[in-house]
Amino acid sequence: TLDPLACCILPTGTPLAAALHVARTGCRRAERRVVTLAAQLDTTIPANAIEYLNRLGDLLFVLARSANRRAAVADDPWVAT
């Protein structure tokens, strides 16, 4: 039920959406750190672990947009300054 994205959006909106965006950024940070740790330890991380973190971040983004839509809050487009 979400409109397709035509531009980048800012992580704003309802308190629920904001909390989901914060969770998403934590998830993305964890994804980067797992990859970095694997490189530092010269080991292989199972591909599905990285994929899981990536898809979880995607899900949290969609849930944040959905929370805003349910509250009738429009996406806030990012505008380059």
# chains A, B, ... in the order shown; residues from 1 in each chain; ligands from 1
>>> closest_atom_pairs(of="region 42-62 of chain A", to="region 67-76 of chain A", cutoff="12 Å", atoms="only C-alpha atoms", output="JSON lines")
{"residue": "A:Leu60", "atom": "CA", "partner": "A:Ala67", "partner_atom": "CA", "distance": 10.3}
{"residue": "A:Phe61", "atom": "CA", "partner": "A:Ala67", "partner_atom": "CA", "distance": 10.0}
{"residue": "A:Val62", "atom": "CA", "partner": "A:Ala67", "partner_atom": "CA", "distance": 8.6}
>>> select_by_dssp(residues="chain A", states="strand (DSSP E)", output="NGL selection string")
:A and (9-10 or 76-77)
>>> residues_around(residues="region 39-55 of chain A", least_positions_apart="3", cutoff="8 Å", atoms="only C-alpha atoms", output="list in words")
Cys27, Arg28, Ala30, Glu31, Val34, Val35, Thr36, Asp58 and Leu59 of chain A
>>> write_last_selection(atoms="N, CA and C atoms", output="PDB file, in the first residue's frame")
ATOM      1  N   CYS A  27      20.778  -1.478  12.981  1.00  0.00           N
ATOM      2  CA  CYS A  27      20.907  -2.709  12.203  1.00  0.00           C
ATOM      3  C   CYS A  27      21.945  -2.540  11.089  1.00  0.00           C
ATOM      4  N   ARG A  28      21.900  -1.418  10.397  1.00  0.00           N
ATOM      5  CA  ARG A  28      22.885  -1.156   9.333  1.00  0.00           C
ATOM      6  C   ARG A  28      24.302  -1.064   9.913  1.00  0.00           C
ATOM      7  N   ALA A  30      25.361  -2.586  12.605  1.00  0.00           N
ATOM      8  CA  ALA A  30      25.751  -3.959  12.943  1.00  0.00           C
ATOM      9  C   ALA A  30      26.198  -4.710  11.692  1.00  0.00           C
ATOM     10  N   GLU A  31      25.503  -4.504  10.593  1.00  0.00           N
ATOM     11  CA  GLU A  31      25.871  -5.155   9.336  1.00  0.00           C
ATOM     12  C   GLU A  31      27.289  -4.764   8.913  1.00  0.00           C
ATOM     13  N   VAL A  34      29.919  -6.348  11.338  1.00  0.00           N
ATOM     14  CA  VAL A  34      30.122  -7.780  11.123  1.00  0.00           C
ATOM     15  C   VAL A  34      31.076  -7.995   9.947  1.00  0.00           C
ATOM     16  N   VAL A  35      30.876  -7.244   8.876  1.00  0.00           N
ATOM     17  CA  VAL A  35      31.759  -7.357   7.715  1.00  0.00           C
ATOM     18  C   VAL A  35      33.176  -6.932   8.085  1.00  0.00           C
ATOM     19  N   THR A  36      33.327  -5.840   8.822  1.00  0.00           N
ATOM     20  CA  THR A  36      34.643  -5.371   9.249  1.00  0.00           C
ATOM     21  C   THR A  36      35.323  -6.382  10.163  1.00  0.00           C
ATOM     22  N   ASP A  58      16.098  -3.394   5.649  1.00  0.00           N
ATOM     23  CA  ASP A  58      15.072  -3.062   4.653  1.00  0.00           C
ATOM     24  C   ASP A  58      13.679  -3.108   5.269  1.00  0.00           C
ATOM     25  N   LEU A  59      13.410  -4.161   6.043  1.00  0.00           N
ATOM     26  CA  LEU A  59      12.103  -4.310   6.680  1.00  0.00           C
ATOM     27  C   LEU A  59      11.811  -3.147   7.625  1.00  0.00           C
TER      28      LEU A  59
END
>>> select_by_dssp(residues="chain A", states="helix (DSSP H, G or I)", output="ChimeraX atom specification")
/A:15-40,47-70
>>> atom_distance(atom1="CA of Arg24 (chain A)", atom2="CA of Leu63 (chain A)")
9.9 Å
